[in-house]
>>> print(open('data.txt').read())   # compact mmCIF, C-alpha atoms
# COMPACT_ATOMS: atom_id res chain seq x y z
CA MET L 1 -80.64 -61.34 -156.24
CA ALA L 2 -79.03 -62.69 -159.44
CA PRO L 3 -81.08 -65.30 -161.33
CA THR L 4 -80.04 -68.96 -161.35
CA LEU L 5 -78.58 -69.79 -164.75
CA LYS L 6 -77.77 -72.99 -166.57
CA VAL L 7 -74.13 -72.42 -167.52
CA LEU L 8 -72.12 -74.42 -170.05
CA LEU L 9 -68.51 -74.69 -168.90
CA ALA L 10 -65.62 -75.76 -171.13
CA ASP L 11 -61.97 -75.82 -170.07
CA ASP L 12 -59.37 -78.43 -170.98
CA GLU L 13 -57.44 -77.90 -167.73
CA PRO L 14 -59.15 -80.24 -165.22
CA LEU L 15 -58.17 -78.35 -162.05
CA ASN L 16 -59.29 -75.00 -163.49
CA ALA L 17 -62.54 -76.56 -164.72
CA LEU L 18 -63.35 -78.13 -161.34
CA ALA L 19 -62.54 -74.90 -159.48
CA LEU L 20 -64.68 -72.84 -161.83
CA ARG L 21 -67.53 -75.32 -161.60
CA ALA L 22 -67.41 -75.14 -157.80
CA GLN L 23 -67.41 -71.31 -157.93
CA LEU L 24 -70.42 -71.22 -160.26
CA GLU L 25 -72.34 -73.69 -158.11
CA THR L 26 -71.49 -71.68 -154.99
CA LEU L 27 -73.08 -68.69 -156.74
CA GLY L 28 -76.23 -70.80 -157.25
CA HIS L 29 -75.85 -71.67 -160.92
CA GLU L 30 -76.41 -75.06 -162.54
CA VAL L 31 -73.33 -76.17 -164.49
CA VAL L 32 -73.41 -78.23 -167.69
CA GLY L 33 -70.02 -79.87 -168.14
CA PRO L 34 -67.22 -79.15 -167.80
CA ALA L 35 -66.33 -80.08 -171.38
CA ALA L 36 -62.65 -80.83 -171.95
CA ASP L 37 -62.60 -79.83 -175.63
CA GLY L 38 -64.41 -77.69 -178.19
CA PRO L 39 -66.45 -80.39 -179.97
CA THR L 40 -67.77 -81.68 -176.62
CA ALA L 41 -68.77 -78.15 -175.64
CA VAL L 42 -70.73 -77.72 -178.88
CA GLU L 43 -72.43 -81.11 -178.40
CA LEU L 44 -73.37 -80.30 -174.79
CA ALA L 45 -74.86 -76.97 -175.90
CA ARG L 46 -76.99 -78.83 -178.45
CA LYS L 47 -78.23 -81.39 -175.95
CA HIS L 48 -78.77 -79.04 -173.01
CA PRO L 49 -80.19 -75.58 -173.80
CA VAL L 50 -78.15 -73.23 -171.62
CA ASP L 51 -78.50 -69.61 -170.53
CA LEU L 52 -74.79 -68.79 -170.73
CA ALA L 53 -71.54 -70.36 -171.94
CA ILE L 54 -68.07 -69.95 -170.43
CA LEU L 55 -65.42 -71.29 -172.81
CA ASP L 56 -61.66 -71.48 -172.54
CA ILE L 57 -60.11 -69.87 -175.60
CA HIS L 58 -57.53 -72.63 -176.16
CA MET L 59 -59.01 -76.13 -176.30
CA PRO L 60 -58.20 -79.25 -178.31
CA GLY L 61 -60.32 -80.20 -181.30
CA LEU L 62 -61.94 -76.80 -181.63
CA SER L 63 -60.88 -73.48 -180.17
CA GLY L 64 -63.14 -71.72 -177.71
CA LEU L 65 -63.82 -69.02 -180.30
CA GLU L 66 -64.83 -71.52 -182.99
CA ALA L 67 -66.96 -73.40 -180.46
CA ALA L 68 -68.56 -70.06 -179.56
CA ARG L 69 -69.42 -69.44 -183.22
CA GLN L 70 -71.04 -72.86 -183.60
CA ILE L 71 -72.95 -72.64 -180.31
CA PHE L 72 -74.16 -69.13 -181.09
CA ALA L 73 -75.23 -70.10 -184.63
CA ALA L 74 -77.36 -72.94 -183.27
CA ARG L 75 -78.88 -70.97 -180.39
CA PRO L 76 -77.65 -67.49 -179.44
CA VAL L 77 -76.65 -67.17 -175.78
CA PRO L 78 -74.29 -64.87 -173.88
CA ILE L 79 -70.73 -66.21 -174.14
CA ILE L 80 -67.74 -65.47 -171.90
CA VAL L 81 -64.28 -66.50 -173.04
CA LEU L 82 -61.52 -67.49 -170.63
CA THR L 83 -57.95 -66.69 -171.58
CA GLY L 84 -54.56 -66.68 -169.97
CA TYR L 85 -53.49 -63.87 -172.27
CA SER L 86 -54.43 -60.21 -172.40
CA ASP L 87 -52.51 -59.26 -175.55
CA SER L 88 -54.26 -57.24 -178.25
CA GLU L 89 -54.20 -60.06 -180.83
CA THR L 90 -56.06 -62.45 -178.52
CA ILE L 91 -58.61 -59.78 -177.68
CA SER L 92 -59.10 -58.84 -181.36
CA HIS L 93 -59.86 -62.49 -182.21
CA ALA L 94 -62.40 -62.58 -179.39
CA VAL L 95 -64.01 -59.38 -180.73
CA ASP L 96 -64.54 -61.07 -184.11
CA ALA L 97 -66.43 -63.95 -182.46
CA PRO L 98 -69.86 -63.85 -180.76
CA VAL L 99 -68.25 -63.13 -177.38
CA PHE L 100 -69.86 -60.75 -174.90
CA HIS L 101 -67.14 -60.67 -172.25
CA PHE L 102 -63.80 -62.24 -171.46
CA LEU L 103 -61.96 -63.10 -168.28
CA ILE L 104 -58.21 -63.36 -167.71
CA LYS L 105 -57.07 -66.40 -165.75
CA PRO L 106 -56.73 -67.07 -162.86
CA ILE L 107 -60.37 -66.38 -162.02
CA SER L 108 -61.72 -65.77 -158.55
CA ILE L 109 -65.32 -66.17 -157.46
CA ASP L 110 -65.55 -62.38 -157.18
CA ASP L 111 -64.81 -62.05 -160.92
CA LEU L 112 -67.80 -64.11 -162.00
CA PRO L 113 -70.94 -62.13 -160.99
CA PRO L 114 -69.89 -58.88 -162.72
CA ALA L 115 -68.64 -60.77 -165.79
CA ILE L 116 -71.91 -62.70 -166.07
CA SER L 117 -73.91 -59.50 -165.59
CA VAL L 118 -71.94 -57.64 -168.29
CA ALA L 119 -72.19 -60.55 -170.75
CA ARG L 120 -75.95 -60.87 -170.25
CA SER L 121 -76.49 -57.10 -170.59
CA ARG L 122 -74.47 -56.97 -173.80
CA PHE L 123 -76.32 -59.99 -175.13
CA LEU L 124 -79.71 -58.40 -174.42
CA GLU L 125 -78.54 -55.22 -176.14
CA TRP L 126 -77.41 -57.27 -179.16
CA ARG L 127 -80.74 -59.11 -179.27
CA ARG L 128 -82.71 -55.87 -179.03
CA PHE L 129 -80.66 -54.33 -181.85
CA THR L 130 -81.06 -57.48 -183.98
CA GLU L 131 -84.84 -57.52 -183.49
CA GLU L 132 -85.10 -53.81 -184.33
CA ALA L 133 -82.99 -54.30 -187.48
CA ALA L 134 -85.14 -57.27 -188.56
CA SER L 135 -88.31 -55.24 -187.95
CA LEU L 136 -87.00 -52.34 -190.03
CA GLU L 137 -86.02 -54.73 -192.82
CA ARG L 138 -89.50 -56.29 -192.81
CA LYS L 139 -91.10 -52.84 -192.95
CA LEU L 140 -88.90 -51.87 -195.89
CA GLU L 141 -89.73 -55.11 -197.72
CA ASN L 142 -93.46 -54.59 -197.07
CA ARG L 143 -93.26 -51.01 -198.29
CA THR L 144 -91.57 -52.19 -201.49
CA VAL L 145 -94.31 -54.76 -202.15
CA ILE L 146 -97.02 -52.13 -201.60
CA GLU L 147 -95.29 -49.70 -203.95
CA GLN L 148 -95.02 -52.42 -206.61
CA ALA L 149 -98.73 -53.27 -206.27
CA LYS L 150 -99.63 -49.58 -206.56
CA ARG L 151 -97.59 -49.36 -209.76
CA VAL L 152 -99.38 -52.42 -211.19
CA LEU L 153 -102.78 -50.90 -210.40
CA MET L 154 -101.72 -47.61 -211.97
CA VAL L 155 -100.70 -49.41 -215.18
CA VAL L 156 -103.43 -52.05 -215.40
CA ARG L 157 -106.41 -50.02 -214.12
CA HIS L 158 -105.10 -46.56 -214.97
CA PHE L 159 -105.45 -45.42 -211.36
CA SER L 160 -103.67 -42.43 -209.96
CA GLU L 161 -101.22 -43.18 -207.18
CA PRO L 162 -103.65 -42.00 -204.43
CA GLU L 163 -106.46 -44.10 -205.98
CA ALA L 164 -104.24 -47.19 -206.07
CA TYR L 165 -103.25 -46.68 -202.46
CA ARG L 166 -106.87 -46.16 -201.36
CA LEU L 167 -107.93 -49.36 -203.13
CA LEU L 168 -105.23 -51.37 -201.33
CA GLN L 169 -106.23 -49.73 -198.05
CA ARG L 170 -109.93 -50.44 -198.57
CA GLU L 171 -109.30 -54.07 -199.54
CA SER L 172 -107.09 -54.46 -196.50
CA GLN L 173 -109.93 -53.27 -194.26
CA ASN L 174 -112.59 -55.33 -196.05
CA ARG L 175 -110.54 -58.53 -195.89
CA ASN L 176 -109.19 -57.81 -192.43
CA GLN L 177 -105.69 -58.46 -193.76
CA PRO L 178 -102.48 -56.43 -193.61
CA MET L 179 -102.09 -54.18 -196.63
CA VAL L 180 -98.92 -55.98 -197.67
CA GLU L 181 -100.89 -59.25 -198.04
CA VAL L 182 -103.40 -57.51 -200.30
CA ALA L 183 -100.51 -56.05 -202.28
CA ARG L 184 -98.96 -59.51 -202.69
CA ALA L 185 -102.32 -60.83 -203.90
CA VAL L 186 -102.42 -58.06 -206.53
CA LEU L 187 -98.97 -58.99 -207.78
CA ILE L 188 -99.78 -62.71 -207.85
CA ALA L 189 -103.05 -62.02 -209.71
CA GLN L 190 -101.01 -60.27 -212.39
CA GLY L 191 -98.65 -63.23 -212.60
CA LEU L 192 -95.83 -61.32 -210.96
CA PRO L 193 -93.68 -62.46 -208.06
CA PRO L 194 -94.08 -60.31 -204.93
CA ASP L 195 -90.47 -59.18 -205.34
CA PHE L 196 -90.39 -58.43 -209.04
CA PRO L 197 -87.79 -55.77 -209.87
CA ASP L 198 -88.58 -52.12 -210.29
CA GLU L 199 -88.34 -50.70 -213.77
>>> encode(input="data.txt", output="structure tokens")
Amino acid sequence: MAPTLKVLLADDEPLNALALRAQLETLGHEVVGPAADGPTAVELARKHPVDLAILDIHMPGLSGLEAARQIFAARPVPIIVLTGYSDSETISHAVDAPVFHFLIKPISIDDLPPAISVARSRFLEWRRFTEEAASLERKLENRTVIEQAKRVLMVVRHFSEPEAYRLLQRESQNRNQPMVEVARAVLIAQGLPPDFPDE
């Protein structure tokens, strides 16, 4: 059984918005909105943390794509865009925005569950990739700091590279701190920022 989601809905066409709200509620979801324009959609997303947003691509005040960018920047969620057009230019604009699926109007209740499932799956994949990329970046930054501290120890204390590494490792164990924190302390003790440039 699909989970119950809090869904932000934004569509400037009242009849479409009411029909879509009824469809989402029939599927068991809680609907925030509908918002009749882009700025209202962004404001609702700020006031009511949602699990998913469904935004019409053409809305007054702020397009659905721009609203998607602002909503996603504040709190990333899966976003589905509604459009009455299936031309390549419209789709390419949607690809440039944080959009995880799009639906062509008119929308039936049968269109919603697979669209929501696809958007959520793509969002989870994006989040997993983003977390992995951030983890790799942190590891690279930590490695750089450790290498810099080793170089300082080699210059200041005339250690060999293995000796410098072993000292950092030993201090890490003795202090019960990650090696990168010990390395930062070495750099700070020498009056160097932890990101001072390599020679």
>>> atom_distance(input="data.txt", atom1="CA of Pro60 (chain L)", atom2="CA of Ile79 (chain L)")
18.6 Å
>>> residues_around(input="data.txt", residues="Ile109 (chain L)", least_positions_apart="3", cutoff="12 Å", atoms="only C-alpha atoms", output="MDAnalysis selection string")
chainID L and resid 19:28 103 105:106 112:116
>>> residues_around(input="data.txt", residues="Val99 (chain L)", least_positions_apart="4", cutoff="12 Å", atoms="only C-alpha atoms", output="PyMOL selection string")
chain L and resi 52-57+64-72+76-82+91-95+103+115-116+118-120+122-123+126
>>> closest_residue(input="data.txt", among="L:Lys150, L:Ala189, L:Arg143, L:Pro178", to="Arg166 (chain L)", atoms="only C-alpha atoms")
L:Lys150
>>> atom_distance(input="data.txt", atom1="CA of Leu168 (chain L)", atom2="CA of Ala134 (chain L)")
24.5 Å
>>> closest_residue(input="data.txt", among="L:Pro14, L:Glu147, L:Asp51, L:Arg75", to="Met179 (chain L)", atoms="only C-alpha atoms")
L:Glu147
>>> residues_around(input="data.txt", residues="Ala185 (chain L)", least_positions_apart="4", cutoff="12 Å", atoms="all atoms listed in the file", output="number ranges by chain")
L: 145-146, 148-150, 152-153, 168, 171-172, 175, 177-181, 189-194
>>> write_last_selection(input="data.txt", atoms="C-alpha atoms", output="PDB file, in the coordinates of the input")
ATOM      1  CA  VAL L 145     -94.310 -54.760-202.150  1.00  0.00           C
ATOM      2  CA  ILE L 146     -97.020 -52.130-201.600  1.00  0.00           C
ATOM      3  CA  GLN L 148     -95.020 -52.420-206.610  1.00  0.00           C
ATOM      4  CA  ALA L 149     -98.730 -53.270-206.270  1.00  0.00           C
ATOM      5  CA  LYS L 150     -99.630 -49.580-206.560  1.00  0.00           C
ATOM      6  CA  VAL L 152     -99.380 -52.420-211.190  1.00  0.00           C
ATOM      7  CA  LEU L 153    -102.780 -50.900-210.400  1.00  0.00           C
ATOM      8  CA  LEU L 168    -105.230 -51.370-201.330  1.00  0.00           C
ATOM      9  CA  GLU L 171    -109.300 -54.070-199.540  1.00  0.00           C
ATOM     10  CA  SER L 172    -107.090 -54.460-196.500  1.00  0.00           C
ATOM     11  CA  ARG L 175    -110.540 -58.530-195.890  1.00  0.00           C
ATOM     12  CA  GLN L 177    -105.690 -58.460-193.760  1.00  0.00           C
ATOM     13  CA  PRO L 178    -102.480 -56.430-193.610  1.00  0.00           C
ATOM     14  CA  MET L 179    -102.090 -54.180-196.630  1.00  0.00           C
ATOM     15  CA  VAL L 180     -98.920 -55.980-197.670  1.00  0.00           C
ATOM     16  CA  GLU L 181    -100.890 -59.250-198.040  1.00  0.00           C
ATOM     17  CA  ALA L 189    -103.050 -62.020-209.710  1.00  0.00           C
ATOM     18  CA  GLN L 190    -101.010 -60.270-212.390  1.00  0.00           C
ATOM     19  CA  GLY L 191     -98.650 -63.230-212.600  1.00  0.00           C
ATOM     20  CA  LEU L 192     -95.830 -61.320-210.960  1.00  0.00           C
ATOM     21  CA  PRO L 193     -93.680 -62.460-208.060  1.00  0.00           C
ATOM     22  CA  PRO L 194     -94.080 -60.310-204.930  1.00  0.00           C
TER      23      PRO L 194
END
>>> atom_distance(input="data.txt", atom1="CA of Val32 (chain L)", atom2="CA of Glu125 (chain L)")
25.0 Å
>>> closest_residue(input="data.txt", among="L:His101, L:Asp11, L:Ala74, L:Phe129", to="Ser117 (chain L)", atoms="all atoms listed in the file")
L:His101
